[in-house]
>>> print(open('input.tsv').read())   # TSV, C-alpha atoms and all ligand atoms
chain	number	residue	atom	x	y	z
D	7	MET	CA	114.90	68.67	145.88
D	8	THR	CA	112.13	68.04	143.36
D	9	THR	CA	109.29	65.62	144.03
D	10	ALA	CA	108.25	63.40	141.15
D	11	ILE	CA	104.54	63.84	140.41
D	12	ALA	CA	102.88	60.86	138.79
D	13	LYS	CA	101.26	61.90	135.54
D	14	VAL	CA	97.59	60.95	135.52
D	15	GLY	CA	95.75	60.68	132.26
D	16	ARG	CA	92.05	60.73	131.60
D	17	LEU	CA	89.45	58.72	129.75
D	18	ALA	CA	86.39	59.70	127.75
D	19	VAL	CA	83.85	57.30	126.29
D	20	VAL	CA	82.45	59.08	123.24
D	21	GLY	CA	79.77	58.49	120.63
D	22	ILE	CA	80.74	59.54	117.11
D	23	GLY	CA	77.15	59.33	115.83
D	24	PRO	CA	76.03	56.89	113.15
D	25	GLY	CA	78.71	57.79	110.65
D	26	ARG	CA	78.80	61.20	109.06
D	27	LEU	CA	81.13	63.87	110.47
D	28	GLY	CA	78.34	66.47	110.74
D	29	TRP	CA	76.55	64.21	113.24
D	30	CYS	CA	79.61	64.00	115.52
D	31	THR	CA	79.29	66.71	118.20
D	32	PRO	CA	82.02	69.40	118.43
D	33	GLU	CA	82.71	68.25	122.02
D	34	VAL	CA	83.42	64.70	120.81
D	35	ALA	CA	85.48	65.91	117.84
D	36	ASP	CA	87.64	68.11	120.13
D	37	ARG	CA	88.23	65.28	122.57
D	38	ILE	CA	89.25	62.90	119.76
D	39	ALA	CA	91.54	65.55	118.25
D	40	SER	CA	93.42	66.00	121.54
D	41	ALA	CA	93.59	62.29	122.46
D	42	THR	CA	96.83	60.32	122.57
D	43	ASP	CA	95.05	56.96	122.22
D	44	LEU	CA	91.84	55.78	120.57
D	45	VAL	CA	90.38	52.48	121.77
D	46	GLY	CA	87.47	50.64	120.17
D	47	TYR	CA	85.97	48.04	117.90
D	48	THR	CA	88.09	48.27	114.74
D	49	THR	CA	85.05	48.96	112.51
D	50	TYR	CA	84.13	52.00	114.61
D	51	LEU	CA	87.72	53.29	114.76
D	52	ASP	CA	87.70	53.19	110.95
D	53	LEU	CA	84.60	55.45	110.98
D	54	VAL	CA	86.36	58.22	112.95
D	55	ALA	CA	86.40	61.14	110.54
D	56	VAL	CA	88.17	63.61	112.86
D	57	ALA	CA	91.83	64.37	111.99
D	58	THR	CA	94.02	62.75	114.66
D	59	ASP	CA	97.50	61.31	115.12
D	60	ALA	CA	96.39	59.27	118.13
D	61	ARG	CA	97.57	55.70	118.47
D	62	ARG	CA	94.73	53.32	117.55
D	63	HIS	CA	93.97	50.22	119.61
D	64	GLY	CA	91.40	48.28	117.58
D	65	SER	CA	89.82	45.05	118.76
D	66	ASP	CA	87.07	42.55	118.00
D	67	ASN	CA	83.52	43.49	118.99
D	68	ARG	CA	83.21	40.61	121.49
D	69	VAL	CA	85.87	41.80	123.96
D	70	GLU	CA	84.16	44.78	125.56
D	71	ALA	CA	85.19	44.12	129.18
D	72	LYS	CA	88.83	43.50	128.23
D	73	ARG	CA	88.86	46.61	126.04
D	74	ALA	CA	87.36	48.75	128.81
D	75	ALA	CA	89.96	47.55	131.35
D	76	ALA	CA	92.81	48.11	128.89
D	77	ALA	CA	91.58	51.66	128.20
D	78	LEU	CA	91.42	52.42	131.94
D	79	ASP	CA	94.96	51.05	132.36
D	80	LEU	CA	96.22	53.31	129.57
D	81	ALA	CA	94.61	56.34	131.22
D	82	ALA	CA	96.06	55.30	134.60
D	83	ALA	CA	99.48	55.28	132.94
D	84	GLY	CA	99.05	58.94	131.96
D	85	ARG	CA	97.54	58.71	128.49
D	86	ASP	CA	94.67	60.84	127.19
D	87	VAL	CA	92.36	58.01	126.14
D	88	VAL	CA	89.18	58.09	124.07
D	89	VAL	CA	87.01	54.97	123.86
D	90	VAL	CA	85.03	55.19	120.63
D	91	SER	CA	81.46	53.95	120.20
D	92	SER	CA	79.17	54.45	117.24
D	93	GLY	CA	75.98	56.43	117.85
D	94	ASP	CA	75.62	57.23	121.52
D	95	PRO	CA	78.13	55.56	123.89
D	96	GLY	CA	75.42	54.82	126.45
D	97	VAL	CA	73.11	52.93	124.07
D	98	PHE	CA	74.17	49.27	123.70
D	99	ALA	CA	77.78	50.48	123.72
D	100	MET	CA	81.02	51.02	125.65
D	101	ALA	CA	79.99	53.46	128.42
D	102	SER	CA	78.39	50.75	130.54
D	103	ALA	CA	81.33	48.40	129.92
D	104	VAL	CA	83.72	51.04	131.29
D	105	VAL	CA	81.60	51.90	134.33
D	106	GLU	CA	81.08	48.19	135.02
D	107	GLN	CA	84.87	47.73	135.17
D	108	LEU	CA	85.07	50.56	137.74
D	109	ASP	CA	82.37	48.78	139.76
D	110	ARG	CA	84.13	45.41	139.55
D	111	SER	CA	87.52	46.68	140.72
D	112	PRO	CA	86.89	49.17	143.54
D	113	GLY	CA	89.84	51.47	144.09
D	114	LYS	CA	91.86	50.27	141.10
D	115	TRP	CA	91.22	53.28	138.87
D	116	ASP	CA	89.99	55.78	141.50
D	117	HIS	CA	92.47	58.43	140.33
D	118	VAL	CA	91.36	58.25	136.66
D	119	PRO	CA	88.82	60.87	135.59
D	120	VAL	CA	86.19	59.32	133.34
D	121	ASP	CA	83.73	61.28	131.17
D	122	VAL	CA	80.93	60.05	128.90
D	123	LEU	CA	80.26	62.32	125.92
D	124	PRO	CA	76.90	61.77	124.18
D	125	GLY	CA	76.27	61.17	120.50
D	126	VAL	CA	73.42	60.82	118.01
D	127	SER	CA	71.98	57.34	118.38
D	128	ALA	CA	70.95	55.28	115.32
D	129	ALA	CA	67.23	55.47	116.18
D	130	HIS	CA	67.32	59.26	116.36
D	131	ALA	CA	69.28	59.54	113.13
D	132	LEU	CA	66.87	57.16	111.37
D	133	ALA	CA	63.81	58.95	112.76
D	134	SER	CA	65.11	62.26	111.42
D	135	ARG	CA	65.27	60.82	107.91
D	136	VAL	CA	61.49	60.34	107.72
D	137	GLY	CA	60.09	63.07	109.98
D	138	ALA	CA	59.06	62.38	113.58
D	139	PRO	CA	58.15	58.74	114.29
D	140	LEU	CA	59.58	59.05	117.83
D	141	GLY	CA	57.32	62.02	118.62
D	142	HIS	CA	55.55	60.19	121.46
D	143	ASP	CA	56.62	57.52	123.98
D	144	PHE	CA	59.12	55.05	122.55
D	145	CYS	CA	61.60	52.45	123.67
D	146	THR	CA	64.69	50.81	122.21
D	147	ILE	CA	65.21	47.05	122.32
D	148	SER	CA	68.28	45.16	121.16
D	149	LEU	CA	67.41	41.85	119.52
D	150	SER	CA	70.83	40.40	120.27
D	151	ASP	CA	70.52	37.32	122.45
D	152	VAL	CA	74.30	37.06	122.83
D	153	LEU	CA	74.29	38.97	126.14
D	154	LYS	CA	70.69	38.35	127.29
D	155	PRO	CA	68.34	35.37	126.94
D	156	TRP	CA	65.79	35.35	124.11
D	157	ASP	CA	62.84	34.84	126.45
D	158	VAL	CA	63.67	38.17	128.13
D	159	ILE	CA	63.72	39.86	124.72
D	160	GLU	CA	60.41	38.30	123.75
D	161	ARG	CA	58.78	39.39	127.03
D	162	ARG	CA	60.01	42.95	126.51
D	163	LEU	CA	58.76	43.05	122.91
D	164	ASP	CA	55.38	41.77	124.06
D	165	ALA	CA	55.15	44.30	126.91
D	166	ALA	CA	56.32	47.26	124.79
D	167	ALA	CA	53.96	46.45	121.93
D	168	GLY	CA	51.11	45.77	124.39
D	169	ALA	CA	51.70	49.17	126.01
D	170	ASP	CA	51.58	50.81	122.57
D	171	PHE	CA	55.14	52.18	122.53
D	172	VAL	CA	56.87	53.04	119.28
D	173	ILE	CA	59.69	50.47	119.25
D	174	ALA	CA	63.19	51.02	117.86
D	175	LEU	CA	65.01	47.74	117.23
D	176	TYR	CA	68.82	47.57	117.31
D	177	ASN	CA	71.03	44.58	116.40
D	178	PRO	CA	68.08	43.09	114.47
D	179	THR	CA	69.81	40.08	112.96
D	180	SER	CA	73.19	38.55	112.15
D	181	ARG	CA	74.63	35.45	110.50
D	182	HIS	CA	74.43	33.64	113.85
D	183	ARG	CA	70.96	35.01	114.71
D	184	PRO	CA	68.90	34.43	111.54
D	185	TRP	CA	65.33	33.97	112.90
D	186	GLN	CA	65.10	36.49	115.74
D	187	PHE	CA	63.92	39.47	113.69
D	188	GLY	CA	61.09	37.50	112.05
D	189	ARG	CA	59.99	36.21	115.46
D	190	ALA	CA	60.09	39.77	116.87
D	191	LEU	CA	57.69	40.93	114.14
D	192	GLU	CA	55.33	38.06	114.98
D	193	VAL	CA	55.28	39.05	118.67
D	194	ILE	CA	54.71	42.72	117.88
D	195	GLY	CA	52.11	41.76	115.25
D	196	GLU	CA	49.95	40.28	118.01
D	197	HIS	CA	49.35	43.88	119.19
D	198	ARG	CA	49.49	45.88	115.94
D	199	THR	CA	47.57	45.97	112.67
D	200	PRO	CA	49.37	44.76	109.50
D	201	ASP	CA	49.40	48.33	108.08
D	202	THR	CA	51.44	49.70	111.02
D	203	PRO	CA	54.22	51.90	109.57
D	204	MET	CA	57.79	50.62	109.87
D	205	ILE	CA	60.96	52.52	109.03
D	206	VAL	CA	63.95	50.46	107.97
D	207	GLY	CA	67.34	52.20	107.77
D	208	ARG	CA	70.64	50.70	106.70
D	209	ASP	CA	73.93	52.60	107.04
D	210	VAL	CA	72.10	55.76	108.09
D	211	GLY	CA	74.38	58.79	107.75
D	212	ARG	CA	76.95	56.82	105.74
D	213	PRO	CA	77.61	56.89	101.97
D	214	ASP	CA	75.47	53.77	101.29
D	215	GLU	CA	72.46	54.95	103.32
D	216	HIS	CA	69.18	53.26	102.44
D	217	VAL	CA	65.95	54.24	104.21
D	218	GLN	CA	62.50	52.85	103.47
D	219	VAL	CA	59.00	53.21	104.92
D	220	VAL	CA	57.16	49.87	104.81
D	221	THR	CA	54.49	48.22	106.95
D	222	LEU	CA	54.49	45.36	109.40
D	223	ALA	CA	52.96	43.20	106.65
D	224	THR	CA	55.31	44.23	103.81
D	225	CYS	CA	58.67	44.33	105.65
D	226	GLU	CA	61.13	41.97	103.95
D	227	THR	CA	63.11	40.29	106.69
D	228	ALA	CA	65.78	39.21	104.17
D	229	ALA	CA	66.76	42.88	103.67
D	230	ILE	CA	67.67	43.34	107.35
D	231	ASP	CA	71.20	42.97	108.70
D	232	MET	CA	73.43	44.21	111.53
D	233	ARG	CA	73.91	47.57	109.83
D	234	THR	CA	70.16	48.15	109.96
D	235	ALA	CA	67.98	49.83	112.58
D	236	VAL	CA	64.20	49.53	112.52
D	237	ILE	CA	61.43	51.68	113.98
D	238	ILE	CA	57.96	50.16	114.36
D	239	GLY	CA	55.14	52.62	114.84
D	240	SER	CA	52.56	52.66	117.63
D	241	SER	CA	48.83	52.56	116.93
D	242	THR	CA	48.91	56.35	116.33
D	243	THR	CA	51.94	56.57	114.00
D	244	ARG	CA	50.89	57.90	110.59
D	245	VAL	CA	52.26	58.23	107.07
D	246	VAL	CA	51.37	61.58	105.46
D	247	PRO	CA	50.15	60.90	101.92
D	248	GLY	CA	52.15	62.52	99.13
D	249	ARG	CA	54.98	63.92	101.27
D	250	PRO	CA	58.67	63.40	100.40
D	251	LEU	CA	60.39	60.76	102.57
D	252	ALA	CA	62.06	63.36	104.85
D	253	SER	CA	58.73	64.56	106.27
D	254	SER	CA	56.45	61.62	105.69
D	255	VAL	CA	56.00	59.84	109.04
D	256	TYR	CA	55.05	61.10	112.48
D	257	THR	CA	53.66	60.00	115.80
D	258	PRO	CA	51.46	62.77	117.21
D	259	ARG	CA	52.38	64.33	120.56
D	260	TRP	CA	48.79	63.86	121.79
D	261	TYR	CA	46.91	60.70	122.63
D	262	ASP	CA	43.14	60.48	122.25
D	263	ARG	CA	41.88	60.00	125.83
D	264	SER	CA	38.54	58.61	124.70
D	265	ALA	CA	39.95	55.97	122.35
D	266	THR	CA	41.12	52.57	123.52
D	267	HIS	CA	43.84	52.23	120.85
D	268	ALA	CA	43.09	48.58	121.16
D	269	THR	CA	46.19	46.53	121.75
D	270	ALA	CA	45.52	42.90	122.51
H	1	LIG	C1	75.95	47.66	119.20
H	1	LIG	S1	74.64	48.65	118.62
H	1	LIG	C2	75.35	50.23	118.82
H	1	LIG	C3	74.32	51.34	118.90
H	1	LIG	C4	74.96	52.72	119.00
H	1	LIG	N1	75.64	52.89	120.25
H	1	LIG	C5	73.92	53.82	118.80
H	1	LIG	O1	73.63	54.55	119.75
H	1	LIG	O2	73.44	53.96	117.68
H	1	LIG	C6	74.76	48.39	116.88
H	1	LIG	C7	73.41	48.51	116.20
H	1	LIG	O3	73.05	49.88	116.07
H	1	LIG	C8	72.34	50.10	114.87
H	1	LIG	N2	73.11	51.07	114.05
H	1	LIG	C9	74.25	51.68	114.41
H	1	LIG	N3	74.66	52.53	113.45
H	1	LIG	C10	73.73	52.46	112.46
H	1	LIG	C11	73.57	53.12	111.20
H	1	LIG	N4	74.46	54.03	110.76
H	1	LIG	N5	72.50	52.80	110.43
H	1	LIG	C12	71.58	51.90	110.88
H	1	LIG	N6	71.68	51.26	112.07
H	1	LIG	C13	72.74	51.53	112.85
H	1	LIG	C14	72.21	48.73	114.17
H	1	LIG	O4	70.98	48.16	114.59
H	1	LIG	C15	73.38	47.98	114.78
H	1	LIG	O5	73.15	46.57	114.74
>>> encode(input="input.tsv", output="structure tokens", more="lines below")
Ligand SMILES: C[S@@+](CC[C@H](N)C(=O)[O-])C[C@H]1O[C@@H](n2cnc3c(N)ncnc32)[C@H](O)[C@@H]1O
Amino acid sequence: MTTAIAKVGRLAVVGIGPGRLGWCTPEVADRIASATDLVGYTTYLDLVAVATDARRHGSDNRVEAKRAAAALDLAAAGRDVVVVSSGDPGVFAMASAVVEQLDRSPGKWDHVPVDVLPGVSAAHALASRVGAPLGHDFCTISLSDVLKPWDVIERRLDAAAGADFVIALYNPTSRHRPWQFGRALEVIGEHRTPDTPMIVGRDVGRPDEHVQVVTLATCETAAIDMRTAVIIGSSTTRVVPGRPLASSVYTPRWYDRSATHATA
């Protein structure tokens, strides 16, 4: 007599990096190549540059919880599932949506192994294009007030700028959120001088990449969209005169203990 053994699949939440194949880790590429099913926001599935015959389950970017549950169900049914995020899957992306589903339904997917495989986040990719602006303490803040209230965002911007962090901004603006980026610059500007270096990167690592070093005073808010990430320097971030873009900005590792680095 043979006993039927239920086939159990597995699930990985992966980050494919900001776009170019060379910035997708070998671990992520291997997992995508062996997957039976790819799940994700359709735009990100279209960016997968790894050769694969996996079945694609694309969806709108506003259905994260539903997508996470559907991916877990597929894995529970024996499929080898990869949930695709851009950049790193743990940064404003699908890893927390998947783990939240596990938390919300105790026991439901206990038998499904779940891995999170890291990727190159947009801020790190953008920083690399100009040198080392993230060389000292930094934080990342999403300006999207779809999932959190604007007053929380404004308090965090104020606190981060007041504490002299380098600040990387994600989700800076969209058609439905037209004023938030301009307001964010005003809040940060209360703690920084107008000549503070800013790095603006659109489609970093993709064929239409555009990266610019500007200042808090000269940044054109009209040039910013959802495919843009922004890094705003701290009081110690510097532009090296005469250097090519790729090695032109840095934040020193040290901090002058005698200076106040006045932030209001
Ligand atoms: C939902 S978040 C996803 C972040 C992603 N998980 C990461 O780690 O990069 C989307 C935001 O990331 C930033 N972003 C992602 N890819 C980018 C790229 N190639 N160039 C510039 N910004 C990018 C933009 O600010 C965009 O609005």
>>> residues_near_point(input="input.tsv", point="(76.3, 61.0, 109.2)", cutoff="10 Å", atoms="all atoms listed in the file", output="list in words")
Ile22, Gly23, Pro24, Gly25, Arg26, Leu27, Gly28, Trp29, Cys30, Gly93, Val126, Ala128, Ala131, Asp209, Val210, Gly211, Arg212, Pro213 and Glu215 of chain D
>>> residues_around(input="input.tsv", residues="Ala252 of chain D", least_positions_apart="5", cutoff="6 Å", atoms="all atoms listed in the file", output="mmCIF file with C-alpha atoms, in the coordinates of the input")
data_model
loop_
_atom_site.group_PDB
_atom_site.id
_atom_site.type_symbol
_atom_site.label_atom_id
_atom_site.label_comp_id
_atom_site.auth_asym_id
_atom_site.auth_seq_id
_atom_site.Cartn_x
_atom_site.Cartn_y
_atom_site.Cartn_z
ATOM 1 C CA ARG D 135 65.270 60.820 107.910
ATOM 2 C CA VAL D 136 61.490 60.340 107.720
ATOM 3 C CA GLY D 137 60.090 63.070 109.980
#
>>> closest_residue(input="input.tsv", among="D:Val172, D:Ala39, D:Val90, D:Val220", to="Arg198 of chain D", atoms="all atoms listed in the file")
D:Val172
>>> atom_distance(input="input.tsv", atom1="atom O4 of ligand LIG 1 (chain H)", atom2="atom CA of Arg61 of chain D")
27.9 Å
>>> atom_distance(input="input.tsv", atom1="atom CA of Leu163 of chain D", atom2="atom CA of Asp214 of chain D")
29.4 Å
>>> residues_near_ligand(input="input.tsv", ligand="ligand LIG 1 (chain H)", cutoff="9 Å", atoms="only C-alpha atoms and all ligand atoms", output="ChimeraX atom specification")
/D:21-26,67,91-100,125-132,148-150,174-180,206-212,215-216,231-236
>>> write_last_selection(input="input.tsv", atoms="C-alpha atoms", output="mmCIF file, keeping the file's coordinate frame")
data_model
loop_
_atom_site.group_PDB
_atom_site.id
_atom_site.type_symbol
_atom_site.label_atom_id
_atom_site.label_comp_id
_atom_site.auth_asym_id
_atom_site.auth_seq_id
_atom_site.Cartn_x
_atom_site.Cartn_y
_atom_site.Cartn_z
ATOM 1 C CA GLY D 21 79.770 58.490 120.630
ATOM 2 C CA ILE D 22 80.740 59.540 117.110
ATOM 3 C CA GLY D 23 77.150 59.330 115.830
ATOM 4 C CA PRO D 24 76.030 56.890 113.150
ATOM 5 C CA GLY D 25 78.710 57.790 110.650
ATOM 6 C CA ARG D 26 78.800 61.200 109.060
ATOM 7 C CA ASN D 67 83.520 43.490 118.990
ATOM 8 C CA SER D 91 81.460 53.950 120.200
ATOM 9 C CA SER D 92 79.170 54.450 117.240
ATOM 10 C CA GLY D 93 75.980 56.430 117.850
ATOM 11 C CA ASP D 94 75.620 57.230 121.520
ATOM 12 C CA PRO D 95 78.130 55.560 123.890
ATOM 13 C CA GLY D 96 75.420 54.820 126.450
ATOM 14 C CA VAL D 97 73.110 52.930 124.070
ATOM 15 C CA PHE D 98 74.170 49.270 123.700
ATOM 16 C CA ALA D 99 77.780 50.480 123.720
ATOM 17 C CA MET D 100 81.020 51.020 125.650
ATOM 18 C CA GLY D 125 76.270 61.170 120.500
ATOM 19 C CA VAL D 126 73.420 60.820 118.010
ATOM 20 C CA SER D 127 71.980 57.340 118.380
ATOM 21 C CA ALA D 128 70.950 55.280 115.320
ATOM 22 C CA ALA D 129 67.230 55.470 116.180
ATOM 23 C CA HIS D 130 67.320 59.260 116.360
ATOM 24 C CA ALA D 131 69.280 59.540 113.130
ATOM 25 C CA LEU D 132 66.870 57.160 111.370
ATOM 26 C CA SER D 148 68.280 45.160 121.160
ATOM 27 C CA LEU D 149 67.410 41.850 119.520
ATOM 28 C CA SER D 150 70.830 40.400 120.270
ATOM 29 C CA ALA D 174 63.190 51.020 117.860
ATOM 30 C CA LEU D 175 65.010 47.740 117.230
ATOM 31 C CA TYR D 176 68.820 47.570 117.310
ATOM 32 C CA ASN D 177 71.030 44.580 116.400
ATOM 33 C CA PRO D 178 68.080 43.090 114.470
ATOM 34 C CA THR D 179 69.810 40.080 112.960
ATOM 35 C CA SER D 180 73.190 38.550 112.150
ATOM 36 C CA VAL D 206 63.950 50.460 107.970
ATOM 37 C CA GLY D 207 67.340 52.200 107.770
ATOM 38 C CA ARG D 208 70.640 50.700 106.700
ATOM 39 C CA ASP D 209 73.930 52.600 107.040
ATOM 40 C CA VAL D 210 72.100 55.760 108.090
ATOM 41 C CA GLY D 211 74.380 58.790 107.750
ATOM 42 C CA ARG D 212 76.950 56.820 105.740
ATOM 43 C CA GLU D 215 72.460 54.950 103.320
ATOM 44 C CA HIS D 216 69.180 53.260 102.440
ATOM 45 C CA ASP D 231 71.200 42.970 108.700
ATOM 46 C CA MET D 232 73.430 44.210 111.530
ATOM 47 C CA ARG D 233 73.910 47.570 109.830
ATOM 48 C CA THR D 234 70.160 48.150 109.960
ATOM 49 C CA ALA D 235 67.980 49.830 112.580
ATOM 50 C CA VAL D 236 64.200 49.530 112.520
#
>>> residues_around(input="input.tsv", residues="segment 221-229 of chain D", least_positions_apart="4", cutoff="6 Å", atoms="only C-alpha atoms", output="PyMOL selection string")
chain D and resi 200-204
>>> write_last_selection(input="input.tsv", atoms="C-alpha atoms", output="PDB file, in the frame of the given file")
ATOM      1  CA  PRO D 200      49.370  44.760 109.500  1.00  0.00           C
ATOM      2  CA  ASP D 201      49.400  48.330 108.080  1.00  0.00           C
ATOM      3  CA  THR D 202      51.440  49.700 111.020  1.00  0.00           C
ATOM      4  CA  PRO D 203      54.220  51.900 109.570  1.00  0.00           C
ATOM      5  CA  MET D 204      57.790  50.620 109.870  1.00  0.00           C
TER       6      MET D 204
END
>>> atom_distance(input="input.tsv", atom1="atom CA of Thr146 of chain D", atom2="atom CA of Val120 of chain D")
25.7 Å
>>> decode(input="input.tsv", residues="segment 219-265 of chain D", atoms="C-alpha atoms", output="PDB file, in the first residue's frame")
ATOM      1  CA  VAL D 219      22.857  66.679  -8.472  1.00  0.00           C
ATOM      2  CA  VAL D 220      20.951  69.843  -7.523  1.00  0.00           C
ATOM      3  CA  THR D 221      20.392  71.748  -4.287  1.00  0.00           C
ATOM      4  CA  LEU D 222      17.443  72.215  -1.991  1.00  0.00           C
ATOM      5  CA  ALA D 223      16.943  75.657  -3.566  1.00  0.00           C
ATOM      6  CA  THR D 224      17.289  74.611  -7.228  1.00  0.00           C
ATOM      7  CA  CYS D 225      15.345  71.310  -7.225  1.00  0.00           C
ATOM      8  CA  GLU D 226      12.514  71.485  -9.762  1.00  0.00           C
ATOM      9  CA  THR D 227       9.535  69.748  -8.225  1.00  0.00           C
ATOM     10  CA  ALA D 228       7.871  69.440 -11.656  1.00  0.00           C
ATOM     11  CA  ALA D 229      10.614  67.001 -12.742  1.00  0.00           C
ATOM     12  CA  ILE D 230       9.765  64.513  -9.971  1.00  0.00           C
ATOM     13  CA  ASP D 231       7.447  61.543 -10.449  1.00  0.00           C
ATOM     14  CA  MET D 232       6.807  58.037  -9.101  1.00  0.00           C
ATOM     15  CA  ARG D 233       9.790  56.640 -10.987  1.00  0.00           C
ATOM     16  CA  THR D 234      12.072  59.020  -9.122  1.00  0.00           C
ATOM     17  CA  ALA D 235      13.989  58.609  -5.866  1.00  0.00           C
ATOM     18  CA  VAL D 236      15.586  61.561  -4.098  1.00  0.00           C
ATOM     19  CA  ILE D 237      18.439  61.828  -1.610  1.00  0.00           C
ATOM     20  CA  ILE D 238      18.756  65.004   0.461  1.00  0.00           C
ATOM     21  CA  GLY D 239      22.107  65.566   2.105  1.00  0.00           C
ATOM     22  CA  SER D 240      22.793  66.234   5.777  1.00  0.00           C
ATOM     23  CA  SER D 241      24.677  69.319   6.954  1.00  0.00           C
ATOM     24  CA  THR D 242      27.979  67.514   6.195  1.00  0.00           C
ATOM     25  CA  THR D 243      27.186  66.178   2.687  1.00  0.00           C
ATOM     26  CA  ARG D 244      29.556  67.708   0.135  1.00  0.00           C
ATOM     27  CA  VAL D 245      29.933  68.041  -3.628  1.00  0.00           C
ATOM     28  CA  VAL D 246      33.547  67.619  -4.790  1.00  0.00           C
ATOM     29  CA  PRO D 247      34.323  70.390  -7.277  1.00  0.00           C
ATOM     30  CA  GLY D 248      35.318  69.262 -10.761  1.00  0.00           C
ATOM     31  CA  ARG D 249      34.674  65.532 -10.303  1.00  0.00           C
ATOM     32  CA  PRO D 250      32.628  63.472 -12.804  1.00  0.00           C
ATOM     33  CA  LEU D 251      29.089  62.674 -11.583  1.00  0.00           C
ATOM     34  CA  ALA D 252      29.995  59.105 -10.514  1.00  0.00           C
ATOM     35  CA  SER D 253      32.323  60.298  -7.743  1.00  0.00           C
ATOM     36  CA  SER D 254      31.060  63.773  -7.010  1.00  0.00           C
ATOM     37  CA  VAL D 255      29.054  63.606  -3.761  1.00  0.00           C
ATOM     38  CA  TYR D 256      29.842  62.160  -0.355  1.00  0.00           C
ATOM     39  CA  THR D 257      28.872  62.334   3.275  1.00  0.00           C
ATOM     40  CA  PRO D 258      31.986  61.875   5.415  1.00  0.00           C
ATOM     41  CA  ARG D 259      32.144  58.937   7.841  1.00  0.00           C
ATOM     42  CA  TRP D 260      33.222  61.292  10.654  1.00  0.00           C
ATOM     43  CA  TYR D 261      31.279  63.978  12.451  1.00  0.00           C
ATOM     44  CA  ASP D 262      33.007  67.016  13.928  1.00  0.00           C
ATOM     45  CA  ARG D 263      32.444  66.653  17.695  1.00  0.00           C
ATOM     46  CA  SER D 264      33.133  70.324  18.368  1.00  0.00           C
ATOM     47  CA  ALA D 265      30.710  71.691  15.770  1.00  0.00           C
TER      48      ALA D 265
END
